>>> print(open('structure-v5.cif').read())   # mmCIF, C-alpha atoms
data_upload
#
loop_
_atom_site.group_PDB
_atom_site.id
_atom_site.type_symbol
_atom_site.label_atom_id
_atom_site.label_comp_id
_atom_site.auth_asym_id
_atom_site.auth_seq_id
_atom_site.Cartn_x
_atom_site.Cartn_y
_atom_site.Cartn_z
ATOM 1 C CA MET N 1450 0.000 0.000 0.000
ATOM 2 C CA ALA N 1451 1.392 3.382 -0.954
ATOM 3 C CA TYR N 1452 1.146 6.269 1.471
ATOM 4 C CA SER N 1453 0.041 9.629 0.113
ATOM 5 C CA GLU N 1454 2.593 12.470 -0.048
ATOM 6 C CA LYS N 1455 0.856 14.251 2.822
ATOM 7 C CA VAL N 1456 1.059 11.174 5.051
ATOM 8 C CA ILE N 1457 4.744 10.777 4.267
ATOM 9 C CA ASP N 1458 5.341 14.470 4.959
ATOM 10 C CA HIS N 1459 3.676 14.281 8.395
ATOM 11 C CA TYR N 1460 5.379 10.975 9.130
ATOM 12 C CA GLU N 1461 8.843 12.253 8.260
ATOM 13 C CA ASN N 1462 8.335 15.713 9.740
ATOM 14 C CA PRO N 1463 5.733 15.223 12.458
ATOM 15 C CA ARG N 1464 4.460 18.523 13.882
ATOM 16 C CA ASN N 1465 4.091 19.102 17.582
ATOM 17 C CA VAL N 1466 5.542 15.870 18.926
ATOM 18 C CA GLY N 1467 5.975 16.171 22.643
ATOM 19 C CA LYS N 1468 4.595 16.122 26.107
ATOM 20 C CA MET N 1469 2.848 18.539 28.427
ATOM 21 C CA ASP N 1470 2.355 18.328 32.164
ATOM 22 C CA ALA N 1471 -0.765 16.176 32.402
ATOM 23 C CA ASP N 1472 -1.386 17.440 35.956
ATOM 24 C CA ALA N 1473 -1.505 21.127 34.962
ATOM 25 C CA PRO N 1474 -5.040 22.538 35.294
ATOM 26 C CA ASN N 1475 -4.952 24.198 31.849
ATOM 27 C CA VAL N 1476 -3.835 20.994 30.066
ATOM 28 C CA GLY N 1477 -6.186 18.349 28.696
ATOM 29 C CA THR N 1478 -4.850 14.865 27.917
ATOM 30 C CA GLY N 1479 -6.448 12.290 25.635
ATOM 31 C CA MET N 1480 -5.107 8.733 25.677
ATOM 32 C CA VAL N 1481 -6.630 6.324 23.171
ATOM 33 C CA GLY N 1482 -5.731 3.074 21.467
ATOM 34 C CA ALA N 1483 -6.864 0.799 18.649
ATOM 35 C CA PRO N 1484 -6.886 -2.805 19.861
ATOM 36 C CA ALA N 1485 -6.895 -4.374 16.397
ATOM 37 C CA CYS N 1486 -3.485 -2.931 15.462
ATOM 38 C CA GLY N 1487 -2.144 -2.027 18.915
ATOM 39 C CA ASP N 1488 -1.652 1.662 18.071
ATOM 40 C CA VAL N 1489 -1.491 4.020 21.035
ATOM 41 C CA MET N 1490 -1.989 7.789 20.876
ATOM 42 C CA ARG N 1491 -1.494 10.571 23.416
ATOM 43 C CA LEU N 1492 -2.837 13.984 22.458
ATOM 44 C CA GLN N 1493 -2.577 17.019 24.732
ATOM 45 C CA ILE N 1494 -3.912 20.563 24.565
ATOM 46 C CA GLU N 1495 -3.020 23.712 26.460
ATOM 47 C CA VAL N 1496 -5.977 26.065 26.818
ATOM 48 C CA ASP N 1497 -5.781 29.804 27.610
ATOM 49 C CA ASP N 1498 -8.139 31.860 29.781
ATOM 50 C CA ASN N 1499 -10.388 32.621 26.810
ATOM 51 C CA GLY N 1500 -10.947 28.944 26.074
ATOM 52 C CA ILE N 1501 -8.676 28.980 23.027
ATOM 53 C CA ILE N 1502 -6.293 26.102 22.371
ATOM 54 C CA LYS N 1503 -2.878 27.738 22.603
ATOM 55 C CA ASP N 1504 -0.797 24.689 21.947
ATOM 56 C CA ALA N 1505 -1.199 20.997 21.128
ATOM 57 C CA LYS N 1506 1.232 18.102 21.393
ATOM 58 C CA PHE N 1507 1.053 14.419 20.566
ATOM 59 C CA LYS N 1508 2.932 11.150 20.805
ATOM 60 C CA THR N 1509 1.758 8.218 18.743
ATOM 61 C CA TYR N 1510 3.082 4.691 18.609
ATOM 62 C CA GLY N 1511 1.626 3.217 15.471
ATOM 63 C CA CYS N 1512 1.722 3.188 11.697
ATOM 64 C CA GLY N 1513 2.432 6.136 9.396
ATOM 65 C CA SER N 1514 -1.255 6.929 8.984
ATOM 66 C CA ALA N 1515 -1.849 7.073 12.738
ATOM 67 C CA ILE N 1516 1.161 9.366 13.209
ATOM 68 C CA ALA N 1517 0.088 11.607 10.310
ATOM 69 C CA SER N 1518 -3.524 11.750 11.567
ATOM 70 C CA SER N 1519 -2.488 12.890 15.044
ATOM 71 C CA SER N 1520 0.138 15.293 13.680
ATOM 72 C CA LEU N 1521 -2.478 16.918 11.456
ATOM 73 C CA ALA N 1522 -4.993 16.994 14.324
ATOM 74 C CA THR N 1523 -2.604 18.997 16.527
ATOM 75 C CA GLU N 1524 -1.984 21.486 13.710
ATOM 76 C CA TRP N 1525 -5.678 21.999 13.157
ATOM 77 C CA MET N 1526 -6.515 22.367 16.853
ATOM 78 C CA LYS N 1527 -4.202 25.278 17.556
ATOM 79 C CA GLY N 1528 -6.041 28.597 17.709
ATOM 80 C CA LYS N 1529 -9.454 26.922 17.850
ATOM 81 C CA THR N 1530 -11.987 27.069 20.666
ATOM 82 C CA LEU N 1531 -12.774 23.791 22.425
ATOM 83 C CA ASP N 1532 -16.122 23.589 20.648
ATOM 84 C CA GLU N 1533 -14.491 24.154 17.270
ATOM 85 C CA ALA N 1534 -11.852 21.511 18.019
ATOM 86 C CA GLU N 1535 -14.551 19.007 18.903
ATOM 87 C CA GLN N 1536 -16.059 19.579 15.467
ATOM 88 C CA ILE N 1537 -12.968 18.175 13.722
ATOM 89 C CA LYS N 1538 -14.174 15.027 12.014
ATOM 90 C CA ASN N 1539 -12.243 11.923 11.167
ATOM 91 C CA THR N 1540 -13.572 12.095 7.614
ATOM 92 C CA THR N 1541 -11.957 15.523 7.132
ATOM 93 C CA ILE N 1542 -8.637 14.182 8.427
ATOM 94 C CA ALA N 1543 -8.891 11.076 6.215
ATOM 95 C CA GLU N 1544 -9.721 13.226 3.200
ATOM 96 C CA GLU N 1545 -6.876 15.672 3.783
ATOM 97 C CA LEU N 1546 -4.379 12.787 4.090
ATOM 98 C CA ALA N 1547 -6.009 10.708 1.330
ATOM 99 C CA LEU N 1548 -6.154 7.681 3.629
ATOM 100 C CA PRO N 1549 -7.185 4.390 2.009
ATOM 101 C CA PRO N 1550 -10.237 2.570 3.492
ATOM 102 C CA VAL N 1551 -8.099 0.183 5.590
ATOM 103 C CA LYS N 1552 -6.510 3.175 7.345
ATOM 104 C CA ILE N 1553 -9.678 5.095 8.131
ATOM 105 C CA HIS N 1554 -9.560 3.783 11.703
ATOM 106 C CA CYS N 1555 -6.340 5.804 12.214
ATOM 107 C CA SER N 1556 -8.263 9.030 11.592
ATOM 108 C CA VAL N 1557 -11.056 7.802 13.885
ATOM 109 C CA LEU N 1558 -8.435 7.305 16.578
ATOM 110 C CA ALA N 1559 -7.251 10.914 16.108
ATOM 111 C CA GLU N 1560 -10.816 12.237 16.351
ATOM 112 C CA ASP N 1561 -11.401 10.205 19.512
ATOM 113 C CA ALA N 1562 -8.109 11.511 20.957
ATOM 114 C CA ILE N 1563 -9.207 15.125 20.342
ATOM 115 C CA LYS N 1564 -12.532 14.460 22.078
ATOM 116 C CA ALA N 1565 -10.826 12.707 24.996
ATOM 117 C CA ALA N 1566 -8.377 15.611 25.462
ATOM 118 C CA VAL N 1567 -11.172 18.207 25.405
ATOM 119 C CA ARG N 1568 -13.230 16.126 27.833
ATOM 120 C CA ASP N 1569 -10.280 15.741 30.194
ATOM 121 C CA TYR N 1570 -9.737 19.515 30.180
ATOM 122 C CA LYS N 1571 -13.424 20.220 30.834
ATOM 123 C CA GLU N 1572 -13.553 17.694 33.679
ATOM 124 C CA LYS N 1573 -10.566 19.378 35.319
ATOM 125 C CA GLN N 1574 -12.174 22.790 34.985
ATOM 126 C CA ALA N 1575 -15.435 21.555 36.463
ATOM 127 C CA LYS N 1576 -13.661 20.438 39.623
ATOM 128 C CA MET Q 736 -15.158 -51.421 2.987
ATOM 129 C CA ALA Q 737 -14.217 -50.301 6.495
ATOM 130 C CA ASN Q 738 -12.365 -47.254 5.229
ATOM 131 C CA ALA Q 739 -15.344 -46.060 3.239
ATOM 132 C CA ALA Q 740 -17.584 -46.500 6.276
ATOM 133 C CA VAL Q 741 -15.213 -44.441 8.423
ATOM 134 C CA ALA Q 742 -15.002 -41.739 5.763
ATOM 135 C CA LYS Q 743 -18.771 -41.706 5.417
ATOM 136 C CA ALA Q 744 -19.285 -41.338 9.145
ATOM 137 C CA LEU Q 745 -16.769 -38.508 9.253
ATOM 138 C CA VAL Q 746 -18.396 -36.681 6.386
ATOM 139 C CA SER Q 747 -21.878 -36.961 7.830
ATOM 140 C CA ASP Q 748 -20.380 -35.601 11.033
ATOM 141 C CA MET Q 749 -18.748 -32.800 9.061
ATOM 142 C CA ALA Q 750 -22.001 -31.738 7.494
ATOM 143 C CA LYS Q 751 -23.335 -30.829 10.931
ATOM 144 C CA PRO Q 752 -22.807 -27.207 11.838
ATOM 145 C CA THR Q 753 -20.159 -26.811 14.519
ATOM 146 C CA SER Q 754 -21.378 -24.961 17.541
ATOM 147 C CA ASN Q 755 -17.977 -23.583 18.540
ATOM 148 C CA PHE Q 756 -14.218 -24.094 18.396
ATOM 149 C CA PHE Q 757 -14.161 -25.847 21.768
ATOM 150 C CA SER Q 758 -16.636 -28.557 20.815
ATOM 151 C CA LEU Q 759 -14.908 -28.891 17.444
ATOM 152 C CA LEU Q 760 -11.716 -29.823 19.283
ATOM 153 C CA GLU Q 761 -13.549 -31.776 21.999
ATOM 154 C CA LEU Q 762 -12.524 -29.444 24.791
ATOM 155 C CA PRO Q 763 -14.613 -28.070 27.626
ATOM 156 C CA LEU Q 764 -15.708 -24.503 27.011
ATOM 157 C CA ASP Q 765 -13.369 -22.685 29.364
ATOM 158 C CA PHE Q 766 -10.647 -20.057 29.388
ATOM 159 C CA THR Q 767 -8.259 -22.555 30.931
ATOM 160 C CA VAL Q 768 -7.199 -25.049 28.276
ATOM 161 C CA ASP Q 769 -5.000 -28.126 28.520
ATOM 162 C CA LEU Q 770 -2.554 -27.276 25.743
ATOM 163 C CA ALA Q 771 -1.293 -30.841 25.344
ATOM 164 C CA LEU Q 772 -4.852 -32.048 24.887
ATOM 165 C CA LEU Q 773 -5.557 -29.194 22.464
ATOM 166 C CA SER Q 774 -2.593 -30.209 20.273
ATOM 167 C CA HIS Q 775 -3.466 -33.882 20.512
ATOM 168 C CA ASN Q 776 -7.124 -33.402 19.585
ATOM 169 C CA TYR Q 777 -6.213 -31.036 16.786
ATOM 170 C CA ARG Q 778 -3.718 -33.483 15.266
ATOM 171 C CA GLU Q 779 -6.201 -36.367 15.465
ATOM 172 C CA ALA Q 780 -9.027 -34.354 13.948
ATOM 173 C CA ALA Q 781 -6.778 -32.916 11.233
ATOM 174 C CA LYS Q 782 -5.614 -36.419 10.303
ATOM 175 C CA ALA Q 783 -9.216 -37.599 9.951
ATOM 176 C CA VAL Q 784 -10.085 -34.938 7.390
ATOM 177 C CA HIS Q 785 -6.765 -35.017 5.540
ATOM 178 C CA PRO Q 786 -7.350 -34.770 1.750
ATOM 179 C CA ASP Q 787 -5.473 -38.075 1.245
ATOM 180 C CA ARG Q 788 -8.361 -39.864 2.922
ATOM 181 C CA TYR Q 789 -10.759 -38.408 0.408
ATOM 182 C CA ALA Q 790 -8.904 -39.260 -2.789
ATOM 183 C CA SER Q 791 -11.778 -41.392 -4.057
ATOM 184 C CA ALA Q 792 -14.606 -39.522 -2.345
ATOM 185 C CA SER Q 793 -17.298 -37.506 -4.105
ATOM 186 C CA ASP Q 794 -16.649 -33.860 -4.933
ATOM 187 C CA GLN Q 795 -19.035 -32.748 -2.259
ATOM 188 C CA ASP Q 796 -17.311 -34.821 0.418
ATOM 189 C CA LYS Q 797 -13.938 -33.541 -0.758
ATOM 190 C CA ARG Q 798 -15.174 -30.010 -0.442
ATOM 191 C CA LEU Q 799 -16.580 -30.672 3.029
ATOM 192 C CA ALA Q 800 -13.276 -32.184 4.105
ATOM 193 C CA VAL Q 801 -11.340 -29.125 2.930
ATOM 194 C CA GLN Q 802 -13.813 -26.864 4.680
ATOM 195 C CA ARG Q 803 -13.564 -28.793 7.912
ATOM 196 C CA SER Q 804 -9.802 -28.772 7.682
ATOM 197 C CA ALA Q 805 -9.794 -24.968 7.429
ATOM 198 C CA GLU Q 806 -12.169 -24.748 10.387
ATOM 199 C CA LEU Q 807 -9.901 -26.958 12.459
ATOM 200 C CA ASN Q 808 -6.893 -24.767 11.697
ATOM 201 C CA GLN Q 809 -8.791 -21.674 12.668
ATOM 202 C CA ALA Q 810 -10.036 -23.301 15.874
ATOM 203 C CA TYR Q 811 -6.528 -24.409 16.799
ATOM 204 C CA GLU Q 812 -4.960 -21.000 16.139
ATOM 205 C CA THR Q 813 -7.706 -19.297 18.131
ATOM 206 C CA LEU Q 814 -7.548 -21.541 21.171
ATOM 207 C CA LYS Q 815 -3.746 -21.747 21.260
ATOM 208 C CA SER Q 816 -3.307 -18.064 22.155
ATOM 209 C CA THR Q 817 -4.821 -16.847 25.417
ATOM 210 C CA THR Q 818 -5.562 -13.433 23.882
ATOM 211 C CA ARG Q 819 -7.470 -14.861 20.920
ATOM 212 C CA ARG Q 820 -9.139 -17.424 23.186
ATOM 213 C CA ALA Q 821 -10.327 -14.701 25.584
ATOM 214 C CA LEU Q 822 -11.629 -12.591 22.689
ATOM 215 C CA TYR Q 823 -13.387 -15.607 21.243
ATOM 216 C CA LEU Q 824 -15.089 -16.448 24.552
ATOM 217 C CA LEU Q 825 -16.347 -12.892 25.020
ATOM 218 C CA ASN Q 826 -17.572 -12.791 21.421
ATOM 219 C CA LEU Q 827 -19.469 -16.035 22.005
ATOM 220 C CA GLN Q 828 -21.244 -14.424 24.962
ATOM 221 C CA GLU Q 829 -21.927 -11.188 23.118
ATOM 222 C CA PRO Q 830 -20.106 -9.774 20.076
ATOM 223 C CA MET Q 831 -17.530 -7.070 20.789
ATOM 224 C CA ASP Q 832 -16.963 -4.046 18.578
ATOM 225 C CA GLU Q 833 -13.581 -4.876 17.046
ATOM 226 C CA GLU Q 834 -13.020 -1.386 15.630
ATOM 227 C CA ALA Q 835 -13.868 0.512 18.782
ATOM 228 C CA THR Q 836 -11.361 2.965 20.153
ATOM 229 C CA VAL Q 837 -10.258 2.039 23.647
ATOM 230 C CA GLN Q 838 -9.910 4.600 26.416
ATOM 231 C CA ASP Q 839 -8.005 3.208 29.346
ATOM 232 C CA THR Q 840 -5.929 6.188 30.457
ATOM 233 C CA GLU Q 841 -3.912 4.570 33.206
ATOM 234 C CA PHE Q 842 -2.987 1.593 31.051
ATOM 235 C CA PHE Q 843 -2.079 3.723 28.016
ATOM 236 C CA MET Q 844 0.185 5.933 30.134
ATOM 237 C CA GLN Q 845 1.934 2.713 31.066
ATOM 238 C CA GLN Q 846 1.949 1.648 27.391
ATOM 239 C CA ILE Q 847 3.647 4.859 26.279
ATOM 240 C CA GLN Q 848 6.205 4.481 29.052
ATOM 241 C CA TRP Q 849 6.972 0.940 27.846
ATOM 242 C CA ARG Q 850 7.310 2.120 24.249
ATOM 243 C CA GLU Q 851 9.722 4.833 25.395
ATOM 244 C CA GLU Q 852 11.748 2.294 27.354
ATOM 245 C CA LEU Q 853 11.824 0.091 24.281
ATOM 246 C CA GLU Q 854 13.094 2.997 22.181
ATOM 247 C CA ASP Q 855 15.879 3.570 24.699
ATOM 248 C CA LEU Q 856 16.747 -0.134 24.635
ATOM 249 C CA SER Q 857 16.785 -0.019 20.862
ATOM 250 C CA ASP Q 858 19.284 2.862 21.005
ATOM 251 C CA SER Q 859 21.458 1.370 23.742
ATOM 252 C CA GLU Q 860 21.291 -2.173 22.269
ATOM 253 C CA ASP Q 861 21.548 -3.472 25.814
ATOM 254 C CA ILE Q 862 20.580 -7.126 25.421
ATOM 255 C CA ALA Q 863 20.652 -7.889 29.156
ATOM 256 C CA ALA Q 864 18.359 -4.961 29.957
ATOM 257 C CA LEU Q 865 16.043 -6.005 27.138
ATOM 258 C CA GLU Q 866 15.815 -9.459 28.689
ATOM 259 C CA VAL Q 867 14.829 -7.950 32.057
ATOM 260 C CA PHE Q 868 12.261 -5.732 30.309
ATOM 261 C CA LYS Q 869 10.783 -8.718 28.488
ATOM 262 C CA LYS Q 870 10.536 -10.755 31.693
ATOM 263 C CA ARG Q 871 8.664 -7.938 33.365
ATOM 264 C CA LEU Q 872 6.169 -7.644 30.508
ATOM 265 C CA ARG Q 873 5.689 -11.418 30.354
ATOM 266 C CA GLN Q 874 4.973 -11.473 34.059
ATOM 267 C CA LEU Q 875 2.311 -8.777 33.626
ATOM 268 C CA ARG Q 876 0.898 -10.589 30.611
ATOM 269 C CA GLY Q 877 0.551 -13.752 32.716
ATOM 270 C CA GLU Q 878 -1.239 -11.796 35.437
ATOM 271 C CA LEU Q 879 -3.794 -10.611 32.872
ATOM 272 C CA ASP Q 880 -4.606 -14.248 32.078
ATOM 273 C CA ILE Q 881 -5.174 -14.976 35.752
ATOM 274 C CA GLU Q 882 -7.367 -11.899 36.210
ATOM 275 C CA PHE Q 883 -9.385 -12.717 33.099
ATOM 276 C CA ALA Q 884 -9.917 -16.343 34.170
ATOM 277 C CA ALA Q 885 -11.482 -15.093 37.396
ATOM 278 C CA VAL Q 886 -14.054 -12.784 35.815
ATOM 279 C CA TRP Q 887 -14.984 -13.761 32.237
ATOM 280 C CA GLN Q 888 -17.933 -15.974 33.207
ATOM 281 C CA ASP Q 889 -19.474 -13.332 35.422
ATOM 282 C CA GLY Q 890 -21.831 -11.260 33.260
ATOM 283 C CA SER Q 891 -21.788 -8.384 35.732
ATOM 284 C CA GLN Q 892 -18.017 -8.065 35.190
ATOM 285 C CA ARG Q 893 -18.221 -7.942 31.396
ATOM 286 C CA GLU Q 894 -16.731 -4.451 31.237
ATOM 287 C CA LEU Q 895 -13.703 -5.517 33.240
ATOM 288 C CA ALA Q 896 -13.319 -8.681 31.135
ATOM 289 C CA GLU Q 897 -13.315 -6.560 27.954
ATOM 290 C CA ARG Q 898 -10.783 -4.162 29.417
ATOM 291 C CA LEU Q 899 -8.521 -7.078 30.337
ATOM 292 C CA VAL Q 900 -8.659 -8.598 26.863
ATOM 293 C CA ARG Q 901 -7.890 -5.184 25.336
ATOM 294 C CA ARG Q 902 -4.902 -4.908 27.644
ATOM 295 C CA MET Q 903 -3.781 -8.352 26.482
ATOM 296 C CA GLN Q 904 -3.900 -7.160 22.867
ATOM 297 C CA PHE Q 905 -1.825 -4.044 23.566
ATOM 298 C CA LEU Q 906 0.659 -5.918 25.717
ATOM 299 C CA ASP Q 907 1.042 -8.561 22.984
ATOM 300 C CA LYS Q 908 1.882 -5.767 20.566
ATOM 301 C CA VAL Q 909 4.695 -4.486 22.811
ATOM 302 C CA LEU Q 910 5.978 -8.038 23.289
ATOM 303 C CA TYR Q 911 5.925 -8.504 19.512
ATOM 304 C CA GLU Q 912 8.083 -5.397 19.174
ATOM 305 C CA VAL Q 913 10.425 -6.722 21.854
ATOM 306 C CA ARG Q 914 10.902 -9.892 19.784
ATOM 307 C CA GLN Q 915 11.561 -7.837 16.664
ATOM 308 C CA LEU Q 916 14.215 -5.850 18.501
ATOM 309 C CA GLU Q 917 15.750 -9.096 19.795
ATOM 310 C CA GLU Q 918 15.981 -10.401 16.255
ATOM 311 C CA ARG Q 919 17.600 -7.196 15.086
ATOM 312 C CA LEU Q 920 20.166 -7.317 17.909
ATOM 313 C CA ASP Q 921 20.891 -10.988 17.214
ATOM 314 C CA ASP Q 922 22.016 -10.229 13.660
#
>>> encode(input="structure-v5.cif", output="C-alpha cells")
Amino acid sequence: MAYSEKVIDHYENPRNVGKMDADAPNVGTGMVGAPACGDVMRLQIEVDDNGIIKDAKFKTYGCGSAIASSSLATEWMKGKTLDEAEQIKNTTIAEELALPPVKIHCSVLAEDAIKAAVRDYKEKQAK
Amino acid sequence: MANAAVAKALVSDMAKPTSNFFSLLELPLDFTVDLALLSHNYREAAKAVHPDRYASASDQDKRLAVQRSAELNQAYETLKSTTRRALYLLNLQEPMDEEATVQDTEFFMQQIQWREELEDLSDSEDIAALEVFKKRLRQLRGELDIEFAAVWQDGSQRELAERLVRRMQFLDKVLYEVRQLEERLDD
C-alpha cells in the first residue's frame, strides 16, 4: 500500500511531537488506542483563559497513517476554541491525508483523541 | 469397505454445523485449556479430514473435508493463544466491537512508558536490559490471564473482562516489538 505524499510528509516531519504536564489545570490529555493494530496515541492541549487552544502536542506509537492523523490533528486544533476543536471530524482528516479505506480507523483514533483531550480539560475545569 | 464406512461417518459428522471451536476440538468450554490435549485433539481431527483420505470420495465430500480442515486450523490457532481465546469467549457471549477505540488512560500511560523504554533499549542495544524488560512484561501478561480467568464468566463483570482482553492485545503488541528488537540485535 502506498502512502500519500501528505502522510509521508507528516510521518517524516511530524508537527508538535511532545509532552505537556498532564497534571496542569490548563492541560487536557487524551489517551486512546486501537486494539486491532495495537496503536497508542497521546494527544494534549493547552488552553488559555479565553478557552482557546494555545498549543497541542502528541505522541503516537503506530503506523504512518496514525502518526500523520495525530500530527495533522494537533496542527488543526491550535487557535481553535474547544467547541471548534470538537467539530474536527475523522472524515476531514482522512480526506486531507487521502487515507485508504483500511486506514480510516487511524483518523477515527485521532478524532477520539481530540474528544478525549477536550473532555479531560473540561472535567478538570469543572472540579 | 471399512475405510469407506469411516469416511462416510466422518463426512456426515462434518455436514453438521459446529457450535464452537471448543466442541470442534472436543474441549470443555473454558478459558483454561490443557494445551497438550488441544494439540493432541487437533492433530487427530486434522488427520481424519486429511485430503489423502478423500482421494476417491465424491466432490461434495472432498469439499466438506477441505472446509472442515480450514475450520480446524482456525479453531486451533484461536484456542492456542490466550488473547485470541479470551476474545473468542467474550464474542461467544456477546459480540464485541472490534473497531472501537479504547480509552483506558492509566494503562495507556503505562503503554507509552513501555514504548519509550523500548526505544531507549533499541538505542542502547543493551541485550541484558532487554531481557529484564521482556521478563517484566511477560509477568504482567501472565497476570492478565489470571485476572481474566477469574471474571470472564461473570456477566456483571463484562466491562472488566473486555478491558482485560484489550490490555492483552496491547501488551502482545509491545511483546511482539520486543521480539523484533531481539531479532535485530541478534544479527
>>> atom_distance(input="structure-v5.cif", atom1="atom CA of Q:Lys815", atom2="atom CA of Q:Leu773")
7.8 Å
>>> interface_residues(input="structure-v5.cif", of="chain Q", to="chain N", cutoff="10 Å", atoms="only C-alpha atoms", output="VMD selection string")
chain Q and resid 833 to 844 846 to 847 850 to 851 900 to 909
>>> residues_around(input="structure-v5.cif", residues="Q:Pro830", least_positions_apart="5", cutoff="12 Å", atoms="only C-alpha atoms", output="PyMOL selection string")
chain Q and resi 822-825+893+897
>>> resolve_selection(input="structure-v5.cif", expression="the PyMOL selection byres ((chain N and resi 1454-1463) around 7)", output="JSON, numbers by chain")
{"N": [1452, 1453, 1464, 1465, 1466, 1513, 1514, 1516, 1517, 1520, 1546]}
>>> resolve_selection(input="structure-v5.cif", expression="the PyMOL selection byres ((chain Q and resi 758-770) around 8)", output="number ranges by chain")
Q: 753-757, 771-774, 776-777, 780, 807, 810-811, 814-815, 817, 820-821, 824, 884
>>> atom_distance(input="structure-v5.cif", atom1="atom CA of N:Asn1499", atom2="atom CA of N:Lys1529")
10.7 Å
>>> residues_around(input="structure-v5.cif", residues="stretch 783-791 of chain Q", least_positions_apart="2", cutoff="8 Å", atoms="only C-alpha atoms", output="compact mmCIF listing (two decimals) with C-alpha atoms, in the coordinates of the input")
# COMPACT_ATOMS: atom_id res chain seq x y z
CA ALA Q 742 -15.00 -41.74 5.76
CA LEU Q 745 -16.77 -38.51 9.25
CA GLU Q 779 -6.20 -36.37 15.46
CA ALA Q 780 -9.03 -34.35 13.95
CA ALA Q 781 -6.78 -32.92 11.23
CA SER Q 793 -17.30 -37.51 -4.11
CA ASP Q 796 -17.31 -34.82 0.42
CA LYS Q 797 -13.94 -33.54 -0.76
CA ALA Q 800 -13.28 -32.18 4.11
CA VAL Q 801 -11.34 -29.12 2.93
CA ARG Q 803 -13.56 -28.79 7.91
CA SER Q 804 -9.80 -28.77 7.68
>>> residues_around(input="structure-v5.cif", residues="N:Asp1504", least_positions_apart="2", cutoff="10 Å", atoms="all atoms listed in the file", output="PyMOL selection string")
chain N and resi 1465+1469+1476+1493-1497+1501-1502+1506+1523-1524+1526-1529
>>> atom_distance(input="structure-v5.cif", atom1="atom CA of N:Glu1535", atom2="atom CA of N:Lys1564")
5.9 Å
>>> axis_aligned_box(input="structure-v5.cif", around="stretch 1532-1551 of chain N", padding_each_side="4 Å", output="lines of an AutoDock Vina configuration file")
center_x = -10.3
center_y = 12.2
center_z = 11.0
size_x = 19.7
size_y = 32.0
size_z = 27.3
>>> resolve_selection(input="structure-v5.cif", expression="the PyMOL selection byres ((chain Q and resi 910-914) around 10)", output="list in words")
Arg850, Leu853, Leu856, Ser857, Leu865, Glu866, Phe868, Lys869, Lys870, Leu872, Arg873, Arg876, Gln904, Phe905, Leu906, Asp907, Lys908, Val909, Gln915, Leu916, Glu917, Glu918, Arg919 and Leu920 of chain Q
>>> closest_residue(input="structure-v5.cif", among="N:Ala1451, N:Leu1531, N:Ala1473, N:Ala1515", to="N:Lys1571", atoms="only C-alpha atoms")
N:Leu1531
